[in-house]
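One structure is given here, and the rest of the page talks about it.
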Amino acid sequence: MAAIILKGVRLAFPDIWKPGDPPVGSVSKTPKYGASLIFAKESPAYALALAEFSRVAQEKWGANWQAIVGAIEASKKCIRDGNKHLDKSGVPRDGFKDMMYVVARNKTRPAIVDNRFANGQPVPLTEADGRPYGGCYVNAKIEMYAMDKPGQGRSVNGTLLALQFLRHGDAFSGSPGTPDGFEDEGDEGEGFTDTTAAGEPAASLF
């Protein structure tokens, strides 16, 4: 596995200070830290997430990885379509419409740091600092891995390693990570390349 940093993504459903309950229907009953990380389909974050997702899936399942991933239910893929994340009234939840997002979790609390540096290192944050919070923008360090486990089936999962608060946004209601690799104030990046295999629209995987 290789860590990637998704820059300038919007934080939602953060269980980053205390572990949250497993999702309804989850095989695992262990509370975990985690969050959803929202980004536009045209963003460098989506291109990077998609490239890593494709890499780990192809490494696990070989030439037929796209057919296999296409058959995996959405709840078992860490990249998801925001238009399918619905509230009780059947409309996309606040902030998710026409967006994509990554769900990443970890049994261990992620490293959480500020966008300010001191002595060349990002400043650690605590819950009392009030950031990051649901609705703000962060740089997120994650890992992805593909799994084919007896009794649980196939999945492509995300592990949340670290978060760097980037900037404020409208607040939503409602393995140990390290902060190395982050940059002071964050660099949004310029341009991206979609590395999905030719002939397979990325959206069809999710």
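Following the order of the structure tokens, chains are lettered A, B, ..., residues in each are numbered from 1, and ligands are numbered from 1.
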Long-range neighbours of Lys32 (chain A) as a compact mmCIF listing (two decimals) with N, CA, C and O atoms, in the first residue's frame, 7 Å cut-off, only C-alpha atoms, 3 positions minimum in chain:
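Done, and the output landed in part03.txt:
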```
# COMPACT_ATOMS: atom_id res chain seq x y z
N PRO A 19 -13.77 7.28 18.18
CA PRO A 19 -14.23 6.33 17.17
C PRO A 19 -15.75 6.32 17.07
O PRO A 19 -16.46 6.47 18.07
N GLY A 20 -16.24 6.16 15.86
CA GLY A 20 -17.68 6.11 15.62
C GLY A 20 -18.18 4.69 15.47
O GLY A 20 -17.41 3.75 15.22
N ASP A 21 -19.47 4.51 15.60
CA ASP A 21 -20.07 3.19 15.45
C ASP A 21 -19.93 2.70 14.02
O ASP A 21 -19.95 3.51 13.07
N PRO A 22 -19.83 1.39 13.81
CA PRO A 22 -19.77 0.85 12.44
C PRO A 22 -21.04 1.18 11.68
O PRO A 22 -22.11 1.33 12.27
N ARG A 105 -11.52 4.93 6.98
CA ARG A 105 -11.64 4.65 8.41
C ARG A 105 -10.34 4.05 8.93
O ARG A 105 -9.47 3.63 8.16
N ASN A 106 -10.23 3.98 10.24
CA ASN A 106 -9.04 3.42 10.87
C ASN A 106 -9.35 3.07 12.31
O ASN A 106 -10.07 3.81 12.99
N LYS A 107 -8.83 1.95 12.80
CA LYS A 107 -8.99 1.61 14.22
C LYS A 107 -8.19 2.56 15.10
O LYS A 107 -8.51 2.76 16.27
```
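Distances here use only C-alpha atoms; by that measure, the residue among A:Arg154, A:Gly8, A:Val103, A:Ser173 closest to Pro23 (chain A) is A:Val103.
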Measure the distance from CA of Leu86 (chain A) to CA of Asp98 (chain A) in Å and round it to one decimal.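 Straight-line distance from CA of Leu86 (chain A) to CA of Asp98 (chain A) works out to 12.0 Å.
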Using only C-alpha atoms, tabulate the residues of region 5-86 of chain A lying at most 7 Å from any atom of region 143-148 of chain A, each with its closest atom pair and that distance in Å to one decimal, by chain and increasing residue number, as CSV.
```
residue,atom,partner,partner_atom,distance
A:Phe53,CA,A:Met144,CA,6.6
A:Val56,CA,A:Tyr145,CA,5.9
A:Ala57,CA,A:Ala146,CA,5.7
A:Lys60,CA,A:Ala146,CA,6.3
```
Selected residues written out with N, CA, C and O atoms, as a PDB file, in the first residue's frame:
```pdb
ATOM      1  N   PHE A  53      -7.213   3.950  -6.574  1.00  0.00           N
ATOM      2  CA  PHE A  53      -8.258   2.920  -6.531  1.00  0.00           C
ATOM      3  C   PHE A  53      -8.040   1.918  -7.666  1.00  0.00           C
ATOM      4  O   PHE A  53      -8.073   0.692  -7.452  1.00  0.00           O
ATOM      5  N   VAL A  56      -4.810  -0.355  -7.030  1.00  0.00           N
ATOM      6  CA  VAL A  56      -4.902  -1.445  -6.058  1.00  0.00           C
ATOM      7  C   VAL A  56      -5.874  -2.527  -6.535  1.00  0.00           C
ATOM      8  O   VAL A  56      -5.661  -3.716  -6.271  1.00  0.00           O
ATOM      9  N   ALA A  57      -6.929  -2.126  -7.260  1.00  0.00           N
ATOM     10  CA  ALA A  57      -7.871  -3.114  -7.775  1.00  0.00           C
ATOM     11  C   ALA A  57      -7.222  -3.972  -8.856  1.00  0.00           C
ATOM     12  O   ALA A  57      -7.390  -5.200  -8.879  1.00  0.00           O
ATOM     13  N   LYS A  60      -4.803  -6.415  -7.380  1.00  0.00           N
ATOM     14  CA  LYS A  60      -5.460  -7.528  -6.691  1.00  0.00           C
ATOM     15  C   LYS A  60      -6.110  -8.504  -7.659  1.00  0.00           C
ATOM     16  O   LYS A  60      -6.004  -9.728  -7.490  1.00  0.00           O
TER      17      LYS A  60
END
```
Could you tell me how far CA of Asp114 (chain A) lies from CA of Phe13 (chain A), in Å and to one decimal?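 Spanning CA of Asp114 (chain A) to CA of Phe13 (chain A) is a straight-line distance of 18.9 Å.
Residue nearest Tyr33 (chain A), chosen from A:Cys136, A:Ala104, A:Ala74, A:Leu6 and counting only C-alpha atoms: A:Ala104.
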Non-local contacts of Leu125 (chain A) (12 Å; only C-alpha atoms; under 3 positions in same chain excluded) as a PyMOL selection string: chain A and resi 16-17+110-117+122+128-133+162-165+179
Output for the residues just chosen: C-alpha atoms as a PDB file, in the first residue's frame:
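The new file result30.pdb reads:
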```pdb
ATOM      1  CA  ILE A  16     -11.727  11.961  14.154  1.00  0.00           C
ATOM      2  CA  TRP A  17     -11.497  12.589  17.899  1.00  0.00           C
ATOM      3  CA  PRO A 110      -5.463   9.738  12.647  1.00  0.00           C
ATOM      4  CA  ALA A 111      -2.827  12.413  13.112  1.00  0.00           C
ATOM      5  CA  ILE A 112      -4.548  15.813  13.002  1.00  0.00           C
ATOM      6  CA  VAL A 113      -2.575  18.975  12.278  1.00  0.00           C
ATOM      7  CA  ASP A 114      -3.054  22.630  11.385  1.00  0.00           C
ATOM      8  CA  ASN A 115      -2.130  24.492   8.212  1.00  0.00           C
ATOM      9  CA  ARG A 116       0.461  26.421  10.246  1.00  0.00           C
ATOM     10  CA  PHE A 117       4.004  25.118  10.652  1.00  0.00           C
ATOM     11  CA  PRO A 122       2.748  21.127  11.069  1.00  0.00           C
ATOM     12  CA  ALA A 128     -10.497  21.876  21.868  1.00  0.00           C
ATOM     13  CA  ASP A 129      -9.119  23.817  18.881  1.00  0.00           C
ATOM     14  CA  GLY A 130     -12.466  23.386  17.112  1.00  0.00           C
ATOM     15  CA  ARG A 131     -10.969  22.326  13.810  1.00  0.00           C
ATOM     16  CA  PRO A 132     -11.135  20.411  11.582  1.00  0.00           C
ATOM     17  CA  TYR A 133     -14.934  20.077  11.557  1.00  0.00           C
ATOM     18  CA  ALA A 162      -3.897  11.944   8.854  1.00  0.00           C
ATOM     19  CA  LEU A 163      -5.775  15.209   8.328  1.00  0.00           C
ATOM     20  CA  GLN A 164      -4.451  18.734   7.870  1.00  0.00           C
ATOM     21  CA  PHE A 165      -6.898  21.584   8.376  1.00  0.00           C
ATOM     22  CA  PRO A 179       1.703  14.180   9.154  1.00  0.00           C
TER      23      PRO A 179
END
```
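Counting only C-alpha atoms and comparing A:Val9, A:Val91, A:Val102, A:Ala45, the residue that lies closest to Cys78 (chain A) is A:Val102.
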Which of region 8-174 of chain A counts as helix (DSSP H, G or I) under DSSP, as number ranges by chain please? A: 44-71, 74-76, 82-84, 127-129
Once you have the residues from the selection above, write them out as a tab-separated table (two decimals), in the first residue's frame, restricted to N, CA and C atoms.
```tsv
chain	number	residue	atom	x	y	z
A	44	PRO	N	-8.24	17.59	-9.02
A	44	PRO	CA	-7.06	16.74	-8.90
A	44	PRO	C	-7.23	15.67	-7.83
A	45	ALA	N	-7.99	15.95	-6.77
A	45	ALA	CA	-8.20	14.95	-5.72
A	45	ALA	C	-8.92	13.72	-6.27
A	46	TYR	N	-9.93	13.94	-7.12
A	46	TYR	CA	-10.64	12.80	-7.70
A	46	TYR	C	-9.72	12.01	-8.62
A	47	ALA	N	-8.95	12.70	-9.44
A	47	ALA	CA	-8.03	12.01	-10.35
A	47	ALA	C	-7.04	11.15	-9.57
A	48	LEU	N	-6.51	11.69	-8.48
A	48	LEU	CA	-5.54	10.94	-7.68
A	48	LEU	C	-6.20	9.75	-6.99
A	49	ALA	N	-7.39	9.98	-6.40
A	49	ALA	CA	-8.10	8.89	-5.73
A	49	ALA	C	-8.45	7.78	-6.71
A	50	LEU	N	-8.94	8.17	-7.89
A	50	LEU	CA	-9.31	7.18	-8.90
A	50	LEU	C	-8.10	6.39	-9.39
A	51	ALA	N	-6.98	7.08	-9.57
A	51	ALA	CA	-5.77	6.39	-10.02
A	51	ALA	C	-5.31	5.35	-8.99
A	52	GLU	N	-5.35	5.71	-7.71
A	52	GLU	CA	-4.93	4.77	-6.67
A	52	GLU	C	-5.93	3.63	-6.52
A	53	PHE	N	-7.21	3.95	-6.57
A	53	PHE	CA	-8.26	2.92	-6.53
A	53	PHE	C	-8.04	1.92	-7.67
A	54	SER	N	-7.82	2.42	-8.88
A	54	SER	CA	-7.61	1.56	-10.04
A	54	SER	C	-6.36	0.71	-9.87
A	55	ARG	N	-5.31	1.32	-9.33
A	55	ARG	CA	-4.04	0.59	-9.16
A	55	ARG	C	-4.19	-0.59	-8.21
A	56	VAL	N	-4.81	-0.35	-7.03
A	56	VAL	CA	-4.90	-1.45	-6.06
A	56	VAL	C	-5.87	-2.53	-6.53
A	57	ALA	N	-6.93	-2.13	-7.26
A	57	ALA	CA	-7.87	-3.11	-7.77
A	57	ALA	C	-7.22	-3.97	-8.86
A	58	GLN	N	-6.47	-3.33	-9.75
A	58	GLN	CA	-5.80	-4.08	-10.81
A	58	GLN	C	-4.72	-4.98	-10.23
A	59	GLU	N	-4.02	-4.50	-9.21
A	59	GLU	CA	-2.99	-5.31	-8.57
A	59	GLU	C	-3.60	-6.56	-7.91
A	60	LYS	N	-4.80	-6.42	-7.38
A	60	LYS	CA	-5.46	-7.53	-6.69
A	60	LYS	C	-6.11	-8.50	-7.66
A	61	TRP	N	-6.81	-7.98	-8.69
A	61	TRP	CA	-7.65	-8.83	-9.53
A	61	TRP	C	-7.21	-8.93	-10.98
A	62	GLY	N	-6.13	-8.26	-11.36
A	62	GLY	CA	-5.58	-8.44	-12.69
A	62	GLY	C	-6.42	-7.85	-13.80
A	63	ALA	N	-6.37	-8.48	-14.97
A	63	ALA	CA	-6.95	-7.91	-16.19
A	63	ALA	C	-8.46	-7.70	-16.08
A	64	ASN	N	-9.15	-8.47	-15.25
A	64	ASN	CA	-10.60	-8.36	-15.14
A	64	ASN	C	-11.04	-7.45	-14.00
A	65	TRP	N	-10.15	-6.60	-13.52
A	65	TRP	CA	-10.46	-5.81	-12.33
A	65	TRP	C	-11.68	-4.91	-12.52
A	66	GLN	N	-11.86	-4.34	-13.71
A	66	GLN	CA	-12.98	-3.42	-13.93
A	66	GLN	C	-14.32	-4.13	-13.83
A	67	ALA	N	-14.41	-5.33	-14.39
A	67	ALA	CA	-15.65	-6.10	-14.29
A	67	ALA	C	-15.92	-6.49	-12.84
A	68	ILE	N	-14.88	-6.85	-12.12
A	68	ILE	CA	-15.04	-7.24	-10.71
A	68	ILE	C	-15.47	-6.04	-9.88
A	69	VAL	N	-14.80	-4.91	-10.06
A	69	VAL	CA	-15.15	-3.71	-9.30
A	69	VAL	C	-16.58	-3.26	-9.62
A	70	GLY	N	-16.96	-3.36	-10.88
A	70	GLY	CA	-18.31	-2.98	-11.27
A	70	GLY	C	-19.38	-3.80	-10.60
A	71	ALA	N	-19.05	-5.04	-10.23
A	71	ALA	CA	-20.01	-5.93	-9.59
A	71	ALA	C	-20.05	-5.79	-8.07
A	74	ALA	N	-21.89	-0.75	-3.88
A	74	ALA	CA	-21.32	0.58	-3.63
A	74	ALA	C	-20.79	0.73	-2.21
A	75	SER	N	-21.46	0.11	-1.24
A	75	SER	CA	-21.04	0.28	0.17
A	75	SER	C	-19.72	-0.40	0.47
A	76	LYS	N	-19.20	-1.20	-0.48
A	76	LYS	CA	-17.93	-1.88	-0.27
A	76	LYS	C	-16.82	-1.28	-1.13
A	82	GLY	N	-21.70	10.93	-4.84
A	82	GLY	CA	-22.44	11.75	-3.90
A	82	GLY	C	-23.93	11.84	-4.19
A	83	ASN	N	-24.32	11.70	-5.45
A	83	ASN	CA	-25.73	11.75	-5.81
A	83	ASN	C	-26.52	10.56	-5.28
A	84	LYS	N	-25.80	9.52	-4.83
A	84	LYS	CA	-26.46	8.34	-4.28
A	84	LYS	C	-26.43	8.33	-2.75
A	127	GLU	N	-9.08	18.45	19.94
A	127	GLU	CA	-10.51	18.69	19.78
A	127	GLU	C	-10.90	20.08	20.27
A	128	ALA	N	-10.19	20.56	21.30
A	128	ALA	CA	-10.50	21.88	21.87
A	128	ALA	C	-10.23	23.01	20.89
A	129	ASP	N	-9.41	22.77	19.87
A	129	ASP	CA	-9.12	23.82	18.88
A	129	ASP	C	-10.32	24.09	17.96
```
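Between CA of Val156 (chain A) and CA of Gly169 (chain A) there is a distance of 29.2 Å.
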Would you please extract all strand (DSSP E or B) residues from region 9-179 of chain A, as assigned by DSSP on the backbone, and give them as a ChimeraX atom specification? /A:9-20,32-40,77,79-81,86,92,99-106,111-118,121-124,137-149,153-167
